[in-house]
Every structure is written in C-alpha cells, then in structure tokens.
Amino acid sequence: MQLQSTCPYCGVGCGIVADHQSGLQLSGDKEHPANYGRLCVKGSALAQTLGEQGRLLAPKVDGQTVSWSEAIDTVASRLSAIIAQYGPGSVAMYLSGQLLTEDYYVANKLMKGFIGSPHVDTNSRLCMASTVAGHKRAFGADIVPGCYADIELARCYILVGANMAWNHPVLFQRIQACKQQDPSRKIIVIDPRRSASCEGADLHLALKPGSDLLLFNGLLSFLAKENQLDHDFILAHTQGFSEALATAQQQAGTIEQVALGCDLTAEQVAALYRCFIDEPLTLTLFSQGVNQAQNGTDKVNAIINCHLATGRIGKAGCGPFSLTGQPNAMGGREVGGLANQLAAHMDYSQNADIELVQEFWQAPNICRQPGYKAVDLFTAVERGDVKAIWIMATNPVVSMPEADRVKAALQACPLVIVSDIVSHTDTIACADIVLPATGWSEKDGTVTNSERRISRQRALLPAPGLARHDWQIICDVAAAMGFAEHFNYSGPADIFAEHAALSAYKNSGQRAFDLSGLMQLTVQQYQDLAPVQWPVNSKYPDGASRLGSDGQFYTASGKAGFIAVSQQQAADVAADHLLLNTGRIRDQWHSMTRTGRAAALLQHRAEPFLEVHPQDAEQLGLTDGGLARLSNSLGQMDARVRLTEAQRSGECFVPIHWTDQFSSQGRCDVLVPALVDPVSGQPALKQAQVKILPLNLHWQVWLMLKPELDEQLWPLCRSSGYASKQKQSQTVLYQLELAEMDLALAAGTGLDAARLQLWLSSLGIQPELCSQALTLGHYRAAAFQAEQLSCCVFISPEPLNLALEYLDQQFNKELSLSERRQLLTGRSRSGEAQSAVICSCFQVCEASICAAIRQGCQSYQQLGQRLKCGTNCGSCIPELKALIASELSLQGERL
C-alpha cells in the first residue's frame, strides 16, 4: 500500500510516497508540485531516522514513569494551581514549526481563548518573524505573493542571505536546471560567505555582514535615477513611495556610496543593479541572512520596495520570495502561533478581530493584548513572572540566544512541561513533566509550505509505546481544566474544519487568509486532500498561485506600502575578536533529534566546526583540523577548525546543530547576545563577537561502541576535554581529545599505564585484546561480550586515519583471532583508510571521486554516471565541481 505524505524538514514542503510492501520504503512524490519527486539528502534518509531506539515512550512526572491519566491530571492541576495563585499570565507555551497546523490551532485556542494567557510563541520567531512583519507592513497581511512555478519562468535569481544549495536544495536544483537549459539566465548570490550556492553563480557579492539594507536602498535609488520605475503601478496601487525613495537617496544615492558601505567594488554593485533592470523577470529569494538581524524587518521591506517600484508583485516569474525555514512555520502563522497574533491571520491591533475570535470560539477569557515574544518570554521565566511553561517539539536550551541563561531560567522555573519524541534533549534535562508525542511518521494533519501550499501529512506508522498526538494531549489537558466542551474533537479533520471556518467567519474579502472553500470537507475529503495554495474561497476555488496580481492588497487603503528604511551603523568589532556567523549545514536539521539518528547524515560533517580564513587562523595560532575555543562574556564553544578562503577575513562561521547530546561544548547560541529586531522581536543570530584561541589538548581518542552502551558512557566521556559523538551503521563513535596530564604523568611523556587503566575502568571498559607502545603514546584495545565486539579504543598523540566503516562492520558478528588482531590495526587487510564522504545519498567518498576525475571524469554529470554522486538531491554538486577544479588544476601543475 502506498501513502502520500510531506517531508518534515525545511519549508519547501516536499511530497513523499511511502510504500509498505517490503518494509517502509520512502521516495519523492512525483505528483507533488513542490518537488515533483525530488528529495534532498535529509528527506532521502528519513527511513533511517525511524525506530523506537532513543524514543520517549511513556509520560514522566518528576523523573518517574506514570500513566497518561496521572500525567494529564498532574499537568492540569499544577497549571490550575499556578493560575489560581498568580493569574493566567503566569503560564506560557513555546511551540514549534515542527507541529502540524491542527496541533498549533488547539494550543493557541486553549491558551489565548480559555486559559487567557497571551504568552504563546514559537521557534518560528527565530527564523521568520521579520518576514511576517515586513509582509504586514507592505501588504497589510502576511502573504507570500509568488509561487515555486515562478522559478521556471524567471530569468534572474537573486539569493540574499540564503544558502539554497544546502538549506533549500530541491528549489536550488530547480534553479540550476533552468540555468543549464538556458545559460543566459543569471544567478546572483548576496552573502558574506562563499557558500555552496555560489558555485555556478554569475555574480557573488561578499558584502559586509548586515549591509543588505544599504544595497537594496541603493537599488531603489538607482531605479529612480535610471528612470526604471513603474509610475503607473506606484500611483495606482501603492503608498509611501516618496518617503521611501528620499530616505534611500540620503544614504545610498550613488553606487560609490553603496560600494563603500557594503565593502564591495562599484563594478559589483553596478552589475547587480543593471541585471535587476535588464531582467524584468527577477526573483529575489531571501532567508535567514536577511531575517536574523536587528534590522531584519527593514531589510525585508527594502527588498520589497524594489519590487513594488517596478511593479513586480503578483506577476509570473518575478517578485520577492521568502524561503521559510521549517515545514510548518507558515501553518503556525495561520493559526496565531506568534505571541502578537490571534488565529486566522488576525491580531490584537484591531478590537474587531479580538471580538470576532472570541465570538467564534465562545471563549470566556480571550486575550486582548500581545504576549511575550520568544526572547522576552524566557526573560520573563528568568525573573519569575512566568512560573509555568509548556514547550512542544523544540529545544530552546540549544536554539535560543544566550542559551545558558535560558537553561538556567528553565532550571529555576517552578513548572517546565516538555512534549517531545526523544528521551534525551538539552531541554528535557530541565523538565519536571515529560510527555511522549508522536513524530513525523506517526502524525496526521496538515502543513503549509513557503508558497502557501497546504499539504497533508499522513501517518505511516503506528505510534510507538504510549506516544500520543500533540493535539490529543492538549485537548486532554483542556478537558481536565474544565474546557472539555470546546475541545471535544474527533480527529484532525474536525480541527481543520474549525480552523477553516474561523478563517471564513465574517470575512468578506478583507482578510487574505480564507479557507472557506475547505470548511465543509468530510473526513474522507480531508483524508484525500490534495496540495492546495490558500486562499481557497469563491474567488479562488482551486487556490491561488499568486496574490497581488490585481493590484489589491490588505492595508486599510487597499494599496501596498513602501516603507522608508535606513541602514544603521554596525557595532565595531573588538580588536581581539571575530564576527561570528551561525547557520545550518547540508545534512543536519535543527538540534539533530532526527538527523542525528541517521549514520549517512553524519559522514559529511561529523563534528561541530569553525570556518575561519587562513589569515585569521595564522594570527590566532589555529591549525586546520585542530581544535579551537570560541568565547565571550556569555559562554564558550569548542569546535574543529576548517580553514577556508570562502570566509571573509575578520569573520567566522559555526553550525547551529550540535547539542550536549552530540558534543561536549558544541552549542553555538550560548555565544549569541539576546539582541532583537524592534519590530519583529526576532533575535540577531548572525552577528555575535567572539574571541578564539587554540584548544591545545594532547591525546586523540577514538572510541567505537555498541549503541546500548551509549547512554551509560556518553555522560562520562563528555565531561572532560573535548568530545563529539556520531552514529555509525552498527555502532556509535566517540571522538575525544584529552589533556596531556589526563593520561600521562608529566608533560611530554608517553601514556602512563596506571592512568590509562584508571580512565578505562571509569568507563567500565575491560579490554581483552590490546596493542600498545605506551612510551610513544599509542594504545589500541578491544573488549568483547558474548564473543562479539562490544567496543574498541584507539589512542594516539596525533590524528589517526582509521577505516571507520571497516571497524563498524566488525560488530555484531563473531571474529576469529586473526580478525580480532586485524581490527586493532584500524584498517582492513586491503589497507583502506577513511575518506571524507561528499555524496551522503550514495555514500561516495572524496577519494573515489578524485580517482574518477584522474581517470577522465571532467564534469559532475560524468561523475554521476560512474559513481551516482550528485544524481539524487544534487546538494553535493557544488563540492563535486570544486573537486573537479582542484584535481584538474593539480594535473595542470604536474604537466
């Protein structure tokens, strides 16, 4: 039997087909308009992330496993007691773009309508809030005017703060396919880093971080100077143009001014501006590099201003396009997931909206003012104003700025409730009550992607253990608190119907979000619902691909708004610090609760890393492959150094994904100050300042063990020195570095036998076979259980190139004496060493790729024909191109 569902990762919203005929097989849905069958590497590996190991399978209260009835009663009674003593505003929820729309809807209804607390926010505040605010200022509503089909129609693609090749690879491959079909199309990347998206780009503007606003203000000035404005559109359908242009001209009246402020050449700036003029079919695609800034909302409006000035809104093949970070960030926005929103795109700015929602819900305690946005919410927890917080499907101890303060605040909070799918997260460690929720493959409901497309997510597997759907948990708590009549839903179809009906309630076209055409769906029709873009109503019975094409918007005047914005002076970077940029990487997702379970996804980047320019590395004493400690007054992080000229000098980059579950000190957001955009409340996660020093530990330790030993050994291993963890096919691999005195008697000596034995004993490891040269600092050993390998350990004062795949394969089988001795060499008999994995989809390593290039493969297409690399999601193609260029260059030098 085949079932169609939707990928749970980024906001592209790719369709998936699940086949149960021979185990669960997952593939891209060729009929889904978001991806037409293509999946990225994370989507392709979804089946590897399933299974009960590590899952949260039963409710826990104060560390003790309890029944669901006891858990629900405890949640309800403790919340009610706090509300009775301190008022409704003393309780809060912090939600996630991982929730389905139906989950989100009932959570907001319970808190904002019945408990009466406005303090409901979501981790979408960290990635999309500035876009929401920018849309509302420009269009009067949170609308995305374009659609994915515009990609095939566009002639120029401007990527701003968006590494699409890694973070939205399916859409990026659609752009690449268009470029390949017609090389005269242009790709322009605006990003301080030379990311994977720059490979094949016609122009890369490595601008000064945070200067995007100045660049687009300059474009608006240039359009006016060159008489390239759509005066008819401006006059008939917009307002505020004169003020916006005048403000832009003050700071960015000439190309030279812009170039100086952005740290670009005048030729680069002129090339961008000329391309925007010459190609009316221009898409400007933007993401976190725009949003995650103290002026993120202004940057969004600076981009929109340029499209409004040329009438490029709602037209095929052009427009501003926000790339959503999470699978249901937009669904959460639809139901009021943000603290300054009510449901159905209504908010607190209009009393009529408040009255309408109260009337529809029959809500006795409707909130009448906005609640705390994410950063303010956890500050309120810290100072004790919020005494109970329910966190669902997110990990704020990892993802929030000033993450150590957030951790301390939660540890001191009287009541922390966490609903999650895994048994261990950094946030669960702070929880009083832990509730097991269903995960992606077990959930049933809807999500909305970046182009406003609502898709069904269908359950593929039964819920494991006692896990329940989030909407069920919320409704059970609501019933226990006395609100049963208003939360008596038979299933997600029932919730969706109410959500759609609210969007239509007294909506005569003045509200953009309208699902009146879906509010009468039967359960079967809901089950069969095909992907559709909202609004769905009498005007758009089959959904709307584009909005604004008729020149009508949702402001009070019906006209789109130009917003006058100006570039603010960036803070000076301290002389002994670098500017820190944070972001996602290709194969991981958020805090790795899913992707960390897939061995294939940890081969490309296995550890937390620091990218830094070679010039900075030389000044700081850093070496490629060595360790570094990043620190400031807020906290510290340890990471493996990667030298790259793709990074601007004076700046550095680290990934956001690593947690205490996978590294000793890999949480990057402990370094990020809680500075926010004053309009959107979105934190500026990309411009911290850090001091960097080499972390000079001594002993390199590789410990490979059976997964059942992981829970016992990981807390011990991560408590000293440096530690990172990655899943292998059969095992778990720890990569450790210990200080010299941990295993030696004095500096410069070899391993001390007594200290070594003490360390192994502290981990419960009893080696049965070892090879050692202690005076040289080398030790290799293996332990066995029931005649099978249970763990092996390799210690050396310098890095070892072990054949990890070979070692992993020695577990779970009986080994002869010669095979046991062989594994201590760290290599198979053929002598194969480990090589970096470039293509995660097909596990193709760098050595194989380079060998194929030397044998005559001189294009990524030829490599794909021989090795399959780059033929699935395509996100490794930029690295394939770089390897081809490097190898051909070396061949030229040899000649």
# chains A, B, ... in the order shown; residues from 1 in each chain; ligands from 1
>>> select_by_dssp(residues="region 673-812 of chain A", states="helix (DSSP H, G or I)", output="ChimeraX atom specification")
/A:707-717,740-743,753-762,774-776,804-809
>>> closest_atom_pairs(of="region 244-308 of chain A", to="region 130-137 of chain A", cutoff="7 Å", atoms="only C-alpha atoms", output="CSV")
residue,atom,partner,partner_atom,distance
A:Asn291,CA,A:Ser130,CA,5.4
A:Gly296,CA,A:Ser130,CA,5.4
A:Thr297,CA,A:Ser130,CA,4.4
A:Val300,CA,A:Gly134,CA,5.6
A:Asn301,CA,A:Gly134,CA,5.4
>>> closest_atom_pairs(of="region 475-509 of chain A", to="region 314-334 of chain A", cutoff="12 Å", atoms="only C-alpha atoms", output="CSV")
residue,atom,partner,partner_atom,distance
A:Phe496,CA,A:Gly331,CA,11.4
A:His499,CA,A:Glu334,CA,9.1
A:Ala500,CA,A:Glu334,CA,10.1
A:Leu502,CA,A:Glu334,CA,10.8
A:Ser503,CA,A:Glu334,CA,8.9
>>> write_last_selection(atoms="all heavy atoms", output="CSV table (one decimal), in the first residue's frame")
chain,number,residue,atom,x,y,z
A,496,PHE,N,-9.3,20.8,11.6
A,496,PHE,CA,-9.0,21.6,10.4
A,496,PHE,C,-10.3,22.3,9.9
A,496,PHE,O,-10.3,23.4,9.5
A,496,PHE,CB,-8.5,20.7,9.3
A,496,PHE,CG,-8.2,21.4,8.1
A,496,PHE,CD1,-6.9,22.0,7.9
A,496,PHE,CD2,-9.1,21.5,7.0
A,496,PHE,CE1,-6.6,22.7,6.7
A,496,PHE,CE2,-8.8,22.2,5.8
A,496,PHE,CZ,-7.5,22.8,5.7
A,499,HIS,N,-10.7,25.4,12.0
A,499,HIS,CA,-9.7,26.3,11.6
A,499,HIS,C,-10.1,27.0,10.3
A,499,HIS,O,-10.1,28.2,10.2
A,499,HIS,CB,-8.4,25.6,11.4
A,499,HIS,CG,-7.3,26.2,10.6
A,499,HIS,ND1,-6.9,27.5,10.9
A,499,HIS,CD2,-6.6,25.7,9.5
A,499,HIS,CE1,-5.9,27.8,10.0
A,499,HIS,NE2,-5.8,26.8,9.2
A,500,ALA,N,-10.6,26.2,9.3
A,500,ALA,CA,-11.0,26.8,8.1
A,500,ALA,C,-12.3,27.7,8.3
A,500,ALA,O,-12.4,28.8,7.7
A,500,ALA,CB,-11.4,25.7,7.1
A,502,LEU,N,-13.1,29.4,10.9
A,502,LEU,CA,-12.7,30.6,11.6
A,502,LEU,C,-12.1,31.6,10.5
A,502,LEU,O,-12.4,32.8,10.6
A,502,LEU,CB,-11.7,30.4,12.7
A,502,LEU,CG,-11.1,31.6,13.4
A,502,LEU,CD1,-12.2,32.5,13.9
A,502,LEU,CD2,-10.2,31.2,14.5
A,503,SER,N,-11.3,31.1,9.6
A,503,SER,CA,-10.8,31.9,8.6
A,503,SER,C,-11.8,32.6,7.7
A,503,SER,O,-11.6,33.7,7.2
A,503,SER,CB,-9.8,31.1,7.7
A,503,SER,OG,-10.5,30.3,6.7
>>> closest_residue(among="A:Gln257, A:Met481, A:Gly28, A:Gln53", to="Ser80 (chain A)", atoms="only C-alpha atoms")
A:Met481
>>> closest_residue(among="A:Leu79, A:Asp470, A:Cys306, A:Asn340", to="Leu95 (chain A)", atoms="only C-alpha atoms")
A:Asp470
